[in-house]
>>> print(open('run17.cif').read())   # mmCIF, C-alpha atoms, pLDDT in the B column; chains and numbers go by the auth columns
data_data
loop_
_atom_site.group_PDB
_atom_site.id
_atom_site.type_symbol
_atom_site.label_atom_id
_atom_site.label_comp_id
_atom_site.label_asym_id
_atom_site.label_seq_id
_atom_site.Cartn_x
_atom_site.Cartn_y
_atom_site.Cartn_z
_atom_site.B_iso_or_equiv
_atom_site.auth_seq_id
_atom_site.auth_asym_id
ATOM 1 C CA MET A 1 81.158 14.399 -9.386 49.00 10 A
ATOM 2 C CA LEU A 2 83.419 11.385 -8.783 52.00 11 A
ATOM 3 C CA ILE A 3 86.160 12.871 -10.945 61.00 12 A
ATOM 4 C CA THR A 4 85.872 16.257 -9.236 71.00 13 A
ATOM 5 C CA GLY A 5 85.987 14.625 -5.783 74.00 14 A
ATOM 6 C CA ARG A 6 88.952 12.497 -6.786 78.00 15 A
ATOM 7 C CA GLU A 7 90.825 15.542 -8.074 86.00 16 A
ATOM 8 C CA ILE A 8 90.153 17.483 -4.877 84.00 17 A
ATOM 9 C CA ILE A 9 91.281 14.613 -2.654 84.00 18 A
ATOM 10 C CA GLN A 10 94.339 13.937 -4.816 88.00 19 A
ATOM 11 C CA GLU A 11 95.383 17.589 -4.707 92.00 20 A
ATOM 12 C CA PHE A 12 94.820 17.759 -0.950 88.00 21 A
ATOM 13 C CA LEU A 13 96.889 14.628 -0.333 90.00 22 A
ATOM 14 C CA MET A 14 99.684 15.724 -2.653 93.00 23 A
ATOM 15 C CA ASP A 15 99.863 19.054 -0.817 95.00 24 A
ATOM 16 C CA ASN A 16 99.420 17.776 2.739 93.00 25 A
ATOM 17 C CA TYR A 17 100.215 14.054 3.113 91.00 26 A
ATOM 18 C CA GLN A 18 103.856 14.470 4.144 93.00 27 A
ATOM 19 C CA ASP A 19 103.059 17.383 6.473 95.00 28 A
ATOM 20 C CA ILE A 20 100.344 15.310 8.134 92.00 29 A
ATOM 21 C CA ARG A 21 102.818 12.457 8.494 93.00 30 A
ATOM 22 C CA LYS A 22 105.320 14.784 10.210 95.00 31 A
ATOM 23 C CA GLU A 23 102.647 16.179 12.533 94.00 32 A
ATOM 24 C CA LEU A 24 101.517 12.699 13.573 93.00 33 A
ATOM 25 C CA ARG A 25 104.960 11.182 14.122 92.00 34 A
ATOM 26 C CA GLY A 26 104.661 11.296 17.915 93.00 35 A
ATOM 27 C CA ILE A 27 101.240 9.706 18.378 94.00 36 A
ATOM 28 C CA THR A 28 100.927 6.483 20.333 95.00 37 A
ATOM 29 C CA PRO A 29 100.092 3.993 17.546 94.00 38 A
ATOM 30 C CA LEU A 30 103.191 5.021 15.609 94.00 39 A
ATOM 31 C CA LYS A 31 105.341 4.855 18.743 94.00 40 A
ATOM 32 C CA TYR A 32 104.218 1.251 19.151 94.00 41 A
ATOM 33 C CA GLY A 33 104.958 0.257 15.589 94.00 42 A
ATOM 34 C CA VAL A 34 101.593 0.503 13.833 94.00 43 A
ATOM 35 C CA PRO A 35 102.442 1.281 10.205 93.00 44 A
ATOM 36 C CA TYR A 36 101.774 4.888 9.272 93.00 45 A
ATOM 37 C CA GLU A 37 99.557 3.845 6.359 91.00 46 A
ATOM 38 C CA GLN A 38 97.179 2.068 8.757 92.00 47 A
ATOM 39 C CA VAL A 39 97.138 5.011 11.165 93.00 48 A
ATOM 40 C CA PHE A 40 96.518 7.453 8.323 92.00 49 A
ATOM 41 C CA ASN A 41 93.706 5.296 6.938 90.00 50 A
ATOM 42 C CA GLN A 42 91.915 5.309 10.291 91.00 51 A
ATOM 43 C CA LEU A 43 92.409 9.038 10.817 91.00 52 A
ATOM 44 C CA TRP A 44 91.325 9.766 7.243 88.00 53 A
ATOM 45 C CA HIS A 45 87.973 8.159 8.005 88.00 54 A
ATOM 46 C CA TYR A 46 87.534 10.399 11.048 89.00 55 A
ATOM 47 C CA MET A 47 88.504 13.497 9.018 86.00 56 A
ATOM 48 C CA PHE A 48 86.093 12.454 6.281 84.00 57 A
ATOM 49 C CA ALA A 49 83.294 12.022 8.841 85.00 58 A
ATOM 50 C CA VAL A 50 83.850 15.519 10.235 88.00 59 A
ATOM 51 C CA THR A 51 83.940 16.907 6.703 85.00 60 A
ATOM 52 C CA ASN A 52 80.693 15.133 5.844 81.00 61 A
ATOM 53 C CA ARG A 53 79.033 16.576 8.940 83.00 62 A
ATOM 54 C CA LYS A 54 80.103 20.096 7.921 88.00 63 A
ATOM 55 C CA VAL A 55 78.844 19.539 4.365 83.00 64 A
ATOM 56 C CA VAL A 56 75.480 18.350 5.726 81.00 65 A
ATOM 57 C CA GLU A 57 75.287 21.374 8.044 85.00 66 A
ATOM 58 C CA ALA A 58 75.923 23.635 5.024 85.00 67 A
ATOM 59 C CA GLY A 59 73.035 21.953 3.196 79.00 68 A
ATOM 60 C CA MET A 60 75.265 20.541 0.463 79.00 69 A
ATOM 61 C CA PHE A 61 74.627 16.867 1.276 76.00 70 A
ATOM 62 C CA ALA A 62 71.621 14.894 2.510 76.00 71 A
ATOM 63 C CA ASP A 63 71.392 14.535 6.265 80.00 72 A
ATOM 64 C CA PRO A 64 71.440 10.790 7.040 78.00 73 A
ATOM 65 C CA TYR A 65 69.715 11.496 10.377 80.00 74 A
ATOM 66 C CA ASP A 66 66.910 13.668 9.002 82.00 75 A
ATOM 67 C CA GLU A 67 63.588 12.677 10.577 85.00 76 A
ATOM 68 C CA ARG A 68 62.120 12.080 7.098 85.00 77 A
ATOM 69 C CA ARG A 69 64.688 9.406 6.206 77.00 78 A
ATOM 70 C CA PRO A 70 63.264 5.878 6.333 77.00 79 A
ATOM 71 C CA TYR A 71 66.623 4.414 7.439 75.00 80 A
ATOM 72 C CA GLN A 72 68.222 6.679 10.025 77.00 81 A
ATOM 73 C CA GLY A 73 71.968 7.108 9.621 72.00 82 A
ATOM 74 C CA PHE A 74 72.064 5.455 6.207 65.00 83 A
ATOM 75 C CA ILE A 75 72.689 6.884 2.766 62.00 84 A
ATOM 76 C CA SER A 76 73.571 4.206 0.284 64.00 85 A
ATOM 77 C CA ALA A 77 77.028 4.509 -1.254 64.00 86 A
ATOM 78 C CA VAL A 78 79.391 2.326 -3.192 63.00 87 A
ATOM 79 C CA TRP A 79 83.126 2.249 -2.604 64.00 88 A
ATOM 80 C CA SER A 80 85.755 0.214 -4.365 67.00 89 A
ATOM 81 C CA PRO A 81 89.498 0.049 -3.638 66.00 90 A
ATOM 82 C CA SER A 82 90.040 0.579 -7.364 68.00 91 A
ATOM 83 C CA LEU A 83 88.620 4.110 -7.115 62.00 92 A
ATOM 84 C CA TYR A 84 91.714 5.488 -5.422 61.00 93 A
ATOM 85 C CA ASP A 85 95.185 4.161 -4.707 61.00 94 A
ATOM 86 C CA LEU A 86 96.761 5.839 -1.673 58.00 95 A
ATOM 87 C CA SER A 87 100.032 3.953 -2.191 62.00 96 A
ATOM 88 C CA SER A 88 100.963 6.469 -4.884 58.00 97 A
ATOM 89 C CA PHE A 89 101.766 9.104 -2.217 52.00 98 A
#
>>> encode(input="run17.cif", output="C-alpha cells")
Amino acid sequence: MLITGREIIQEFLMDNYQDIRKELRGITPLKYGVPYEQVFNQLWHYMFAVTNRKVVEAGMFADPYDERRPYQGFISAVWSPSLYDLSSF
C-alpha cells in the first residue's frame, strides 16, 4: 500500500506541481515573500484532508469520527520525512 500510494502521489506531483505553482503565484503568502515550498506544504495538507474525507465517504477508509471509535478523530498513523522527498520536484 505504501509503495502504491507513493507512486500515485509521485505521478500526481510530477504531472501537476508546476501547474499548481503557476496557478498559485498570485496568492497573498507568495506576494509577501513566503517561500513557495512552505505555501505548497500547507496547501498540500488541506488537499490531503479533503481527499481523505472523500475516501471515507466512499467507504474506502475508516471514519475517524465514527460513533464506534473509542478515540474520536484519531486513527493512528506513522509519518517520517524519509518516506518522501518533495525537494526532488
>>> atom_distance(input="run17.cif", atom1="atom CA of Ile18 of chain A", atom2="atom CA of Arg34 of chain A")
21.9 Å
>>> residues_near_point(input="run17.cif", point="(73.5, 15.3, 11.1)", cutoff="9 Å", atoms="all atoms listed in the file", output="PyMOL selection string")
chain A and resi 61-63+65-66+71-75+82
>>> atom_distance(input="run17.cif", atom1="atom CA of Pro38 of chain A", atom2="atom CA of Glu20 of chain A")
26.5 Å
>>> closest_residue(input="run17.cif", among="A:Glu46, A:Phe70, A:Glu76, A:Gly14", to="Ile29 of chain A", atoms="only C-alpha atoms")
A:Glu46
>>> resolve_selection(input="run17.cif", expression="the PyMOL selection byres ((chain A and resi 48) around 10)", output="compact mmCIF listing (two decimals) with C-alpha atoms, in the frame of the given file")
# COMPACT_ATOMS: atom_id res chain seq x y z
CA ARG A 30 102.82 12.46 8.49
CA LEU A 33 101.52 12.70 13.57
CA ILE A 36 101.24 9.71 18.38
CA PRO A 38 100.09 3.99 17.55
CA LEU A 39 103.19 5.02 15.61
CA VAL A 43 101.59 0.50 13.83
CA PRO A 44 102.44 1.28 10.20
CA TYR A 45 101.77 4.89 9.27
CA GLU A 46 99.56 3.84 6.36
CA GLN A 47 97.18 2.07 8.76
CA PHE A 49 96.52 7.45 8.32
CA ASN A 50 93.71 5.30 6.94
CA GLN A 51 91.92 5.31 10.29
CA LEU A 52 92.41 9.04 10.82
CA TRP A 53 91.32 9.77 7.24
>>> decode(input="run17.cif", residues="segment 18-32 of chain A", atoms="all heavy atoms", output="PDB file, in the first residue's frame")
ATOM      1  N   ILE A  18       1.140   9.486  -5.621  1.00  0.00           N
ATOM      2  CA  ILE A  18       1.483  10.864  -5.254  1.00  0.00           C
ATOM      3  C   ILE A  18       2.616  11.382  -6.130  1.00  0.00           C
ATOM      4  O   ILE A  18       2.576  12.519  -6.610  1.00  0.00           O
ATOM      5  CB  ILE A  18       1.844  10.953  -3.757  1.00  0.00           C
ATOM      6  CG1 ILE A  18       0.581  10.710  -2.921  1.00  0.00           C
ATOM      7  CG2 ILE A  18       2.456  12.303  -3.418  1.00  0.00           C
ATOM      8  CD1 ILE A  18       0.835  10.534  -1.449  1.00  0.00           C
ATOM      9  N   GLN A  19       3.633  10.557  -6.359  1.00  0.00           N
ATOM     10  CA  GLN A  19       4.758  10.978  -7.189  1.00  0.00           C
ATOM     11  C   GLN A  19       4.287  11.314  -8.607  1.00  0.00           C
ATOM     12  O   GLN A  19       4.658  12.354  -9.162  1.00  0.00           O
ATOM     13  CB  GLN A  19       5.829   9.899  -7.234  1.00  0.00           C
ATOM     14  CG  GLN A  19       7.059  10.319  -8.008  1.00  0.00           C
ATOM     15  CD  GLN A  19       8.159   9.271  -7.938  1.00  0.00           C
ATOM     16  OE1 GLN A  19       7.922   8.119  -7.627  1.00  0.00           O
ATOM     17  NE2 GLN A  19       9.359   9.689  -8.225  1.00  0.00           N
ATOM     18  N   GLU A  20       3.455  10.470  -9.168  1.00  0.00           N
ATOM     19  CA  GLU A  20       2.948  10.726 -10.521  1.00  0.00           C
ATOM     20  C   GLU A  20       2.114  12.003 -10.550  1.00  0.00           C
ATOM     21  O   GLU A  20       2.258  12.836 -11.452  1.00  0.00           O
ATOM     22  CB  GLU A  20       2.117   9.544 -11.009  1.00  0.00           C
ATOM     23  CG  GLU A  20       1.633   9.722 -12.432  1.00  0.00           C
ATOM     24  CD  GLU A  20       0.881   8.509 -12.945  1.00  0.00           C
ATOM     25  OE1 GLU A  20       1.148   7.375 -12.486  1.00  0.00           O
ATOM     26  OE2 GLU A  20       0.005   8.708 -13.805  1.00  0.00           O
ATOM     27  N   PHE A  21       1.249  12.172  -9.546  1.00  0.00           N
ATOM     28  CA  PHE A  21       0.428  13.378  -9.484  1.00  0.00           C
ATOM     29  C   PHE A  21       1.313  14.628  -9.421  1.00  0.00           C
ATOM     30  O   PHE A  21       1.083  15.595 -10.151  1.00  0.00           O
ATOM     31  CB  PHE A  21      -0.502  13.341  -8.269  1.00  0.00           C
ATOM     32  CG  PHE A  21      -1.244  14.636  -8.069  1.00  0.00           C
ATOM     33  CD1 PHE A  21      -2.394  14.901  -8.777  1.00  0.00           C
ATOM     34  CD2 PHE A  21      -0.756  15.589  -7.183  1.00  0.00           C
ATOM     35  CE1 PHE A  21      -3.064  16.108  -8.601  1.00  0.00           C
ATOM     36  CE2 PHE A  21      -1.418  16.800  -7.009  1.00  0.00           C
ATOM     37  CZ  PHE A  21      -2.571  17.057  -7.725  1.00  0.00           C
ATOM     38  N   LEU A  22       2.305  14.610  -8.543  1.00  0.00           N
ATOM     39  CA  LEU A  22       3.162  15.784  -8.388  1.00  0.00           C
ATOM     40  C   LEU A  22       3.989  16.045  -9.640  1.00  0.00           C
ATOM     41  O   LEU A  22       4.162  17.192 -10.044  1.00  0.00           O
ATOM     42  CB  LEU A  22       4.064  15.619  -7.168  1.00  0.00           C
ATOM     43  CG  LEU A  22       3.335  15.721  -5.830  1.00  0.00           C
ATOM     44  CD1 LEU A  22       4.272  15.375  -4.690  1.00  0.00           C
ATOM     45  CD2 LEU A  22       2.723  17.093  -5.644  1.00  0.00           C
ATOM     46  N   MET A  23       4.491  15.001 -10.262  1.00  0.00           N
ATOM     47  CA  MET A  23       5.267  15.185 -11.488  1.00  0.00           C
ATOM     48  C   MET A  23       4.399  15.808 -12.585  1.00  0.00           C
ATOM     49  O   MET A  23       4.866  16.650 -13.349  1.00  0.00           O
ATOM     50  CB  MET A  23       5.863  13.863 -11.940  1.00  0.00           C
ATOM     51  CG  MET A  23       6.992  13.391 -11.024  1.00  0.00           C
ATOM     52  SD  MET A  23       7.635  11.771 -11.453  1.00  0.00           S
ATOM     53  CE  MET A  23       8.491  12.154 -12.970  1.00  0.00           C
ATOM     54  N   ASP A  24       3.132  15.411 -12.629  1.00  0.00           N
ATOM     55  CA  ASP A  24       2.227  15.921 -13.658  1.00  0.00           C
ATOM     56  C   ASP A  24       1.663  17.301 -13.337  1.00  0.00           C
ATOM     57  O   ASP A  24       1.295  18.047 -14.248  1.00  0.00           O
ATOM     58  CB  ASP A  24       1.044  14.965 -13.855  1.00  0.00           C
ATOM     59  CG  ASP A  24       1.451  13.643 -14.480  1.00  0.00           C
ATOM     60  OD1 ASP A  24       2.567  13.547 -15.037  1.00  0.00           O
ATOM     61  OD2 ASP A  24       0.647  12.680 -14.396  1.00  0.00           O
ATOM     62  N   ASN A  25       1.566  17.648 -12.059  1.00  0.00           N
ATOM     63  CA  ASN A  25       0.798  18.839 -11.678  1.00  0.00           C
ATOM     64  C   ASN A  25       1.534  19.899 -10.868  1.00  0.00           C
ATOM     65  O   ASN A  25       1.017  21.001 -10.728  1.00  0.00           O
ATOM     66  CB  ASN A  25      -0.439  18.397 -10.884  1.00  0.00           C
ATOM     67  CG  ASN A  25      -1.355  17.548 -11.720  1.00  0.00           C
ATOM     68  OD1 ASN A  25      -2.015  18.040 -12.619  1.00  0.00           O
ATOM     69  ND2 ASN A  25      -1.377  16.250 -11.435  1.00  0.00           N
ATOM     70  N   TYR A  26       2.691  19.586 -10.313  1.00  0.00           N
ATOM     71  CA  TYR A  26       3.362  20.500  -9.379  1.00  0.00           C
ATOM     72  C   TYR A  26       3.602  21.877  -9.993  1.00  0.00           C
ATOM     73  O   TYR A  26       3.266  22.896  -9.395  1.00  0.00           O
ATOM     74  CB  TYR A  26       4.681  19.885  -8.904  1.00  0.00           C
ATOM     75  CG  TYR A  26       5.391  20.670  -7.831  1.00  0.00           C
ATOM     76  CD1 TYR A  26       5.016  20.565  -6.505  1.00  0.00           C
ATOM     77  CD2 TYR A  26       6.456  21.503  -8.144  1.00  0.00           C
ATOM     78  CE1 TYR A  26       5.674  21.273  -5.510  1.00  0.00           C
ATOM     79  CE2 TYR A  26       7.123  22.217  -7.157  1.00  0.00           C
ATOM     80  CZ  TYR A  26       6.729  22.104  -5.847  1.00  0.00           C
ATOM     81  OH  TYR A  26       7.378  22.809  -4.867  1.00  0.00           O
ATOM     82  N   GLN A  27       4.162  21.921 -11.187  1.00  0.00           N
ATOM     83  CA  GLN A  27       4.464  23.212 -11.813  1.00  0.00           C
ATOM     84  C   GLN A  27       3.190  23.970 -12.182  1.00  0.00           C
ATOM     85  O   GLN A  27       3.137  25.203 -12.055  1.00  0.00           O
ATOM     86  CB  GLN A  27       5.371  23.015 -13.029  1.00  0.00           C
ATOM     87  CG  GLN A  27       6.775  22.556 -12.670  1.00  0.00           C
ATOM     88  CD  GLN A  27       7.481  23.466 -11.677  1.00  0.00           C
ATOM     89  OE1 GLN A  27       7.343  24.697 -11.704  1.00  0.00           O
ATOM     90  NE2 GLN A  27       8.243  22.868 -10.777  1.00  0.00           N
ATOM     91  N   ASP A  28       2.165  23.253 -12.636  1.00  0.00           N
ATOM     92  CA  ASP A  28       0.889  23.911 -12.943  1.00  0.00           C
ATOM     93  C   ASP A  28       0.268  24.500 -11.683  1.00  0.00           C
ATOM     94  O   ASP A  28      -0.270  25.607 -11.714  1.00  0.00           O
ATOM     95  CB  ASP A  28      -0.087  22.928 -13.593  1.00  0.00           C
ATOM     96  CG  ASP A  28       0.330  22.540 -15.001  1.00  0.00           C
ATOM     97  OD1 ASP A  28       1.072  23.305 -15.647  1.00  0.00           O
ATOM     98  OD2 ASP A  28      -0.092  21.458 -15.451  1.00  0.00           O
ATOM     99  N   ILE A  29       0.331  23.758 -10.592  1.00  0.00           N
ATOM    100  CA  ILE A  29      -0.185  24.271  -9.317  1.00  0.00           C
ATOM    101  C   ILE A  29       0.591  25.519  -8.919  1.00  0.00           C
ATOM    102  O   ILE A  29       0.012  26.520  -8.504  1.00  0.00           O
ATOM    103  CB  ILE A  29      -0.113  23.192  -8.214  1.00  0.00           C
ATOM    104  CG1 ILE A  29      -1.061  22.031  -8.533  1.00  0.00           C
ATOM    105  CG2 ILE A  29      -0.440  23.795  -6.845  1.00  0.00           C
ATOM    106  CD1 ILE A  29      -0.866  20.814  -7.642  1.00  0.00           C
ATOM    107  N   ARG A  30       1.891  25.464  -9.078  1.00  0.00           N
ATOM    108  CA  ARG A  30       2.735  26.622  -8.742  1.00  0.00           C
ATOM    109  C   ARG A  30       2.313  27.848  -9.553  1.00  0.00           C
ATOM    110  O   ARG A  30       2.203  28.957  -9.020  1.00  0.00           O
ATOM    111  CB  ARG A  30       4.203  26.282  -8.986  1.00  0.00           C
ATOM    112  CG  ARG A  30       5.148  27.348  -8.512  1.00  0.00           C
ATOM    113  CD  ARG A  30       6.584  26.912  -8.671  1.00  0.00           C
ATOM    114  NE  ARG A  30       7.432  27.854  -7.976  1.00  0.00           N
ATOM    115  CZ  ARG A  30       8.554  27.545  -7.361  1.00  0.00           C
ATOM    116  NH1 ARG A  30       8.986  26.307  -7.362  1.00  0.00           N
ATOM    117  NH2 ARG A  30       9.252  28.461  -6.739  1.00  0.00           N
ATOM    118  N   LYS A  31       2.073  27.671 -10.841  1.00  0.00           N
ATOM    119  CA  LYS A  31       1.636  28.783 -11.699  1.00  0.00           C
ATOM    120  C   LYS A  31       0.284  29.321 -11.246  1.00  0.00           C
ATOM    121  O   LYS A  31       0.080  30.537 -11.206  1.00  0.00           O
ATOM    122  CB  LYS A  31       1.559  28.328 -13.156  1.00  0.00           C
ATOM    123  CG  LYS A  31       2.894  28.120 -13.804  1.00  0.00           C
ATOM    124  CD  LYS A  31       2.726  27.593 -15.216  1.00  0.00           C
ATOM    125  CE  LYS A  31       4.054  27.083 -15.749  1.00  0.00           C
ATOM    126  NZ  LYS A  31       3.889  26.381 -17.031  1.00  0.00           N
ATOM    127  N   GLU A  32      -0.639  28.418 -10.921  1.00  0.00           N
ATOM    128  CA  GLU A  32      -1.978  28.829 -10.505  1.00  0.00           C
ATOM    129  C   GLU A  32      -1.961  29.602  -9.188  1.00  0.00           C
ATOM    130  O   GLU A  32      -2.797  30.466  -8.955  1.00  0.00           O
ATOM    131  CB  GLU A  32      -2.896  27.614 -10.382  1.00  0.00           C
ATOM    132  CG  GLU A  32      -3.247  26.963 -11.698  1.00  0.00           C
ATOM    133  CD  GLU A  32      -4.154  27.823 -12.565  1.00  0.00           C
ATOM    134  OE1 GLU A  32      -5.022  28.532 -12.020  1.00  0.00           O
ATOM    135  OE2 GLU A  32      -3.970  27.787 -13.794  1.00  0.00           O
TER     136      GLU A  32
END
